[in-house]
Amino acid sequence: MLLVHGQPGEGSDWGPVVAALEADHRVLAPDRPGWGSNPSPARGMAANADWLEDLLAERLGEAPVVVVGHSFGGGVALALAARRPQRVRALVLVGSVGTDVALTRLDRLLAVPVMGGAIVRVGTVAARGVVSLSRRALQRIGRAAGIDRQTNGNSMLRVLSGQEPVPADAWRSFTVEQRALVRETPELEAALPSVTVPVVVLIGTHDRVVGVPASRSLSTALPGAELAMVEGAGHILPLEAPEQLAAIVDRYDRMTRLRA
């Protein structure tokens, strides 16, 4: 299994999913370029796919894998399947980008030079304030356990909660990927009909980042893709529904191994 994290993020964001899979599967969840402990500079979806292909060739030789991609990482997973079809046995796309429908006005605004970076900085400061106030309010009424568990399990939420500082290179990495997202989506969308491996598109019904309409559009554009919804869940499914996600990944792994 290859698990590809989103933006911002790091490989450890898959922790609960890895825990549910690792007893029966070999699982790789690397930090992508520009994030976590990876010293390589951030890059676009196609270049991320090439970096993953090099990593897989080093670790596994030519063995095909099930690729699971979250959000921006879903776009990377699609690019890998389109560019290296022999590498991918199946795709599990979780709250994934991939079509123009997934790009909001904010996405396009964040890709604008200078302006996008300023919006990200101001927005991060504001978000940290909101999360901090929410946690204090919950602590006063004794209901902080749930939000604390979610915060501890996701790198983005740890930063927004103030538990960790904003990494020095995070602004640059986010901006580089945001511009690539807007620039590369048309080419990626045009390549979707060529992706013929088994695919499931998974989306939380309360996802406000990518959203159900975008996931439905993505599943329609991919030949024979399955669309699965997680009732009541939002965008961070690796944290919100790890066991359900792991069960779907395991099902696609077993299905494609039997076919092979």
# chains A, B, ... in the order shown; residues from 1 in each chain; ligands from 1

$ residues_around --residues "region 205-214 of chain A" --least-positions-apart "2" --cutoff "12 Å" --atoms "only C-alpha atoms" --output "number ranges by chain"
A: 6-7, 70-72, 74-75, 93-107, 189, 201-203, 216-221, 227-237, 240

$ atom_distance --atom1 "CA of Leu28 (chain A)" --atom2 "CA of Thr196 (chain A)"
23.1 Å

$ closest_residue --among "A:Val68, A:Leu192, A:Leu21, A:Val176" --to "Met45 (chain A)" --atoms "only C-alpha atoms"
A:Val176

$ closest_residue --among "A:Val249, A:Glu62, A:Leu109, A:Glu177" --to "Asn48 (chain A)" --atoms "only C-alpha atoms"
A:Glu177

$ atom_distance --atom1 "CA of Gly44 (chain A)" --atom2 "CA of Glu184 (chain A)"
7.7 Å

$ atom_distance --atom1 "CA of Val67 (chain A)" --atom2 "CA of Ala19 (chain A)"
16.7 Å

$ residues_around --residues "Glu53 (chain A)" --least-positions-apart "6" --cutoff "8 Å" --atoms "only C-alpha atoms" --output "NGL selection string"
:A and (80 or 84 or 87)

$ write_last_selection --atoms "N, CA and C atoms" --output "short mmCIF file (atom, residue, chain, number, x, y, z; two decimals), in the first residue's frame"
data_model
loop_
_atom_site.label_atom_id
_atom_site.label_comp_id
_atom_site.auth_asym_id
_atom_site.auth_seq_id
_atom_site.Cartn_x
_atom_site.Cartn_y
_atom_site.Cartn_z
N LEU A 80 0.11 9.53 -10.93
CA LEU A 80 0.95 8.33 -10.95
C LEU A 80 0.30 7.24 -11.80
N ARG A 84 2.31 6.17 -14.93
CA ARG A 84 2.96 4.87 -14.70
C ARG A 84 1.89 3.80 -14.45
N ARG A 87 2.44 0.55 -12.54
CA ARG A 87 2.79 0.64 -11.12
C ARG A 87 1.58 0.49 -10.22
#

$ closest_residue --among "A:Met255, A:Leu60, A:Leu222, A:Val92" --to "Ser194 (chain A)" --atoms "only C-alpha atoms"
A:Leu222

$ residues_around --residues "Ile248 (chain A)" --least-positions-apart "3" --cutoff "10 Å" --atoms "only C-alpha atoms" --output "PDB file with C-alpha atoms, in the first residue's frame"
ATOM      1  CA  VAL A  92      -8.554   4.728  -3.423  1.00  0.00           C
ATOM      2  CA  VAL A 200     -13.109   4.000  -5.568  1.00  0.00           C
ATOM      3  CA  LEU A 202     -14.534   8.159  -1.165  1.00  0.00           C
ATOM      4  CA  ALA A 228     -18.671   5.715  -1.733  1.00  0.00           C
ATOM      5  CA  PRO A 242      -9.877   5.319   9.618  1.00  0.00           C
ATOM      6  CA  GLU A 243     -11.369   1.847  10.111  1.00  0.00           C
ATOM      7  CA  GLN A 244     -13.944   2.329   7.366  1.00  0.00           C
ATOM      8  CA  LEU A 245     -11.258   3.689   5.051  1.00  0.00           C
ATOM      9  CA  ARG A 251     -11.205  -4.792  -0.139  1.00  0.00           C
ATOM     10  CA  TYR A 252      -9.589  -3.244  -3.208  1.00  0.00           C
ATOM     11  CA  ASP A 253      -6.288  -4.887  -2.381  1.00  0.00           C
ATOM     12  CA  ARG A 254      -7.890  -8.324  -2.130  1.00  0.00           C
TER      13      ARG A 254
END

$ residues_around --residues "Gly224 (chain A)" --least-positions-apart "6" --cutoff "9 Å" --atoms "only C-alpha atoms" --output "PyMOL selection string"
chain A and resi 196-199

$ write_last_selection --atoms "C-alpha atoms" --output "short mmCIF file (atom, residue, chain, number, x, y, z; two decimals), in the first residue's frame"
data_model
loop_
_atom_site.label_atom_id
_atom_site.label_comp_id
_atom_site.auth_asym_id
_atom_site.auth_seq_id
_atom_site.Cartn_x
_atom_site.Cartn_y
_atom_site.Cartn_z
CA THR A 196 -8.47 1.92 -16.22
CA VAL A 197 -7.45 0.32 -12.91
CA PRO A 198 -10.17 -0.29 -10.28
CA VAL A 199 -10.98 3.00 -8.53
#

$ residues_around --residues "Ala79 (chain A)" --least-positions-apart "5" --cutoff "8 Å" --atoms "only C-alpha atoms" --output "PDB file with N, CA and C atoms, in the first residue's frame"
ATOM      1  N   MET A  45       1.729  18.097  -8.993  1.00  0.00           N
ATOM      2  CA  MET A  45       1.200  16.742  -8.905  1.00  0.00           C
ATOM      3  C   MET A  45       1.985  15.768  -9.776  1.00  0.00           C
ATOM      4  N   ALA A  46       2.281  16.148 -11.009  1.00  0.00           N
ATOM      5  CA  ALA A  46       3.025  15.256 -11.897  1.00  0.00           C
ATOM      6  C   ALA A  46       4.425  14.991 -11.363  1.00  0.00           C
ATOM      7  N   ALA A  49       4.298  12.647  -8.522  1.00  0.00           N
ATOM      8  CA  ALA A  49       4.113  11.281  -9.013  1.00  0.00           C
ATOM      9  C   ALA A  49       5.441  10.669  -9.442  1.00  0.00           C
ATOM     10  N   LEU A 188      -4.692  16.902 -15.971  1.00  0.00           N
ATOM     11  CA  LEU A 188      -5.017  15.708 -15.198  1.00  0.00           C
ATOM     12  C   LEU A 188      -6.431  15.230 -15.528  1.00  0.00           C
TER      13      LEU A 188
END

$ select_by_dssp --residues "region 172-241 of chain A" --states "alpha helix (DSSP H)" --output "PyMOL selection string"
chain A and resi 172-191+212-221+237-240

$ write_last_selection --atoms "N, CA and C atoms" --output "compact mmCIF listing (two decimals), in the first residue's frame"
# COMPACT_ATOMS: atom_id res chain seq x y z
N ARG A 172 5.84 28.34 1.60
CA ARG A 172 6.31 28.13 0.24
C ARG A 172 5.74 26.85 -0.34
N SER A 173 5.76 25.76 0.43
CA SER A 173 5.26 24.48 -0.06
C SER A 173 3.78 24.59 -0.44
N PHE A 174 3.00 25.23 0.42
CA PHE A 174 1.58 25.37 0.14
C PHE A 174 1.36 26.17 -1.14
N THR A 175 2.08 27.28 -1.29
CA THR A 175 1.91 28.14 -2.46
C THR A 175 2.32 27.42 -3.73
N VAL A 176 3.44 26.71 -3.70
CA VAL A 176 3.90 25.96 -4.88
C VAL A 176 2.85 24.94 -5.30
N GLU A 177 2.32 24.19 -4.33
CA GLU A 177 1.34 23.17 -4.67
C GLU A 177 0.01 23.78 -5.10
N GLN A 178 -0.37 24.89 -4.49
CA GLN A 178 -1.64 25.52 -4.85
C GLN A 178 -1.60 26.00 -6.30
N ARG A 179 -0.50 26.60 -6.70
CA ARG A 179 -0.38 27.05 -8.09
C ARG A 179 -0.38 25.86 -9.04
N ALA A 180 0.29 24.78 -8.63
CA ALA A 180 0.33 23.58 -9.47
C ALA A 180 -1.06 22.95 -9.58
N LEU A 181 -1.83 22.99 -8.49
CA LEU A 181 -3.18 22.43 -8.51
C LEU A 181 -4.02 23.08 -9.59
N VAL A 182 -4.01 24.40 -9.62
CA VAL A 182 -4.80 25.14 -10.61
C VAL A 182 -4.24 24.94 -12.01
N ARG A 183 -2.92 24.96 -12.13
CA ARG A 183 -2.28 24.84 -13.45
C ARG A 183 -2.41 23.45 -14.05
N GLU A 184 -2.30 22.41 -13.22
CA GLU A 184 -2.23 21.04 -13.74
C GLU A 184 -3.57 20.31 -13.81
N THR A 185 -4.59 20.84 -13.14
CA THR A 185 -5.88 20.13 -13.13
C THR A 185 -6.46 19.88 -14.52
N PRO A 186 -6.42 20.85 -15.46
CA PRO A 186 -6.98 20.55 -16.80
C PRO A 186 -6.31 19.36 -17.48
N GLU A 187 -4.99 19.26 -17.42
CA GLU A 187 -4.29 18.13 -18.03
C GLU A 187 -4.62 16.83 -17.30
N LEU A 188 -4.69 16.90 -15.97
CA LEU A 188 -5.02 15.71 -15.20
C LEU A 188 -6.43 15.23 -15.53
N GLU A 189 -7.37 16.16 -15.61
CA GLU A 189 -8.75 15.79 -15.92
C GLU A 189 -8.84 15.16 -17.31
N ALA A 190 -8.08 15.68 -18.27
CA ALA A 190 -8.09 15.12 -19.62
C ALA A 190 -7.56 13.70 -19.65
N ALA A 191 -6.70 13.35 -18.68
CA ALA A 191 -6.11 12.01 -18.64
C ALA A 191 -6.97 10.99 -17.91
N VAL A 212 -19.14 16.75 -2.23
CA VAL A 212 -19.77 15.62 -2.91
C VAL A 212 -19.90 15.85 -4.42
N PRO A 213 -20.32 17.03 -4.90
CA PRO A 213 -20.43 17.23 -6.35
C PRO A 213 -19.11 16.99 -7.09
N ALA A 214 -18.00 17.44 -6.52
CA ALA A 214 -16.71 17.23 -7.16
C ALA A 214 -16.34 15.76 -7.17
N SER A 215 -16.63 15.04 -6.09
CA SER A 215 -16.33 13.61 -6.04
C SER A 215 -17.20 12.83 -7.02
N ARG A 216 -18.44 13.25 -7.15
CA ARG A 216 -19.32 12.59 -8.13
C ARG A 216 -18.80 12.84 -9.55
N SER A 217 -18.36 14.06 -9.83
CA SER A 217 -17.79 14.38 -11.13
C SER A 217 -16.54 13.54 -11.41
N LEU A 218 -15.71 13.37 -10.38
CA LEU A 218 -14.48 12.59 -10.53
C LEU A 218 -14.80 11.13 -10.80
N SER A 219 -15.74 10.56 -10.07
CA SER A 219 -16.09 9.15 -10.26
C SER A 219 -16.70 8.91 -11.63
N THR A 220 -17.45 9.89 -12.14
CA THR A 220 -18.05 9.77 -13.47
C THR A 220 -17.00 9.79 -14.56
N ALA A 221 -15.95 10.59 -14.36
CA ALA A 221 -14.90 10.73 -15.38
C ALA A 221 -13.95 9.54 -15.42
N LEU A 237 -10.91 12.32 6.35
CA LEU A 237 -11.36 10.95 6.55
C LEU A 237 -10.29 10.03 7.15
N PRO A 238 -8.99 10.21 6.84
CA PRO A 238 -8.00 9.35 7.49
C PRO A 238 -8.03 9.43 9.01
N LEU A 239 -8.57 10.52 9.54
CA LEU A 239 -8.69 10.69 10.98
C LEU A 239 -10.11 10.43 11.47
N GLU A 240 -11.09 10.84 10.67
CA GLU A 240 -12.49 10.73 11.08
C GLU A 240 -13.06 9.32 10.93

$ select_by_dssp --residues "region 37-81 of chain A" --states "strand (DSSP E)" --output "PyMOL selection string"
chain A and resi 65-70

$ write_last_selection --atoms "C-alpha atoms" --output "PDB file, in the first residue's frame"
ATOM      1  CA  VAL A  65       0.760  -1.261  -5.468  1.00  0.00           C
ATOM      2  CA  VAL A  66      -2.605  -0.048  -4.245  1.00  0.00           C
ATOM      3  CA  VAL A  67      -2.340   3.750  -4.045  1.00  0.00           C
ATOM      4  CA  VAL A  68      -4.457   5.724  -1.583  1.00  0.00           C
ATOM      5  CA  GLY A  69      -4.478   9.501  -2.015  1.00  0.00           C
ATOM      6  CA  HIS A  70      -6.079  12.168   0.171  1.00  0.00           C
TER       7      HIS A  70
END
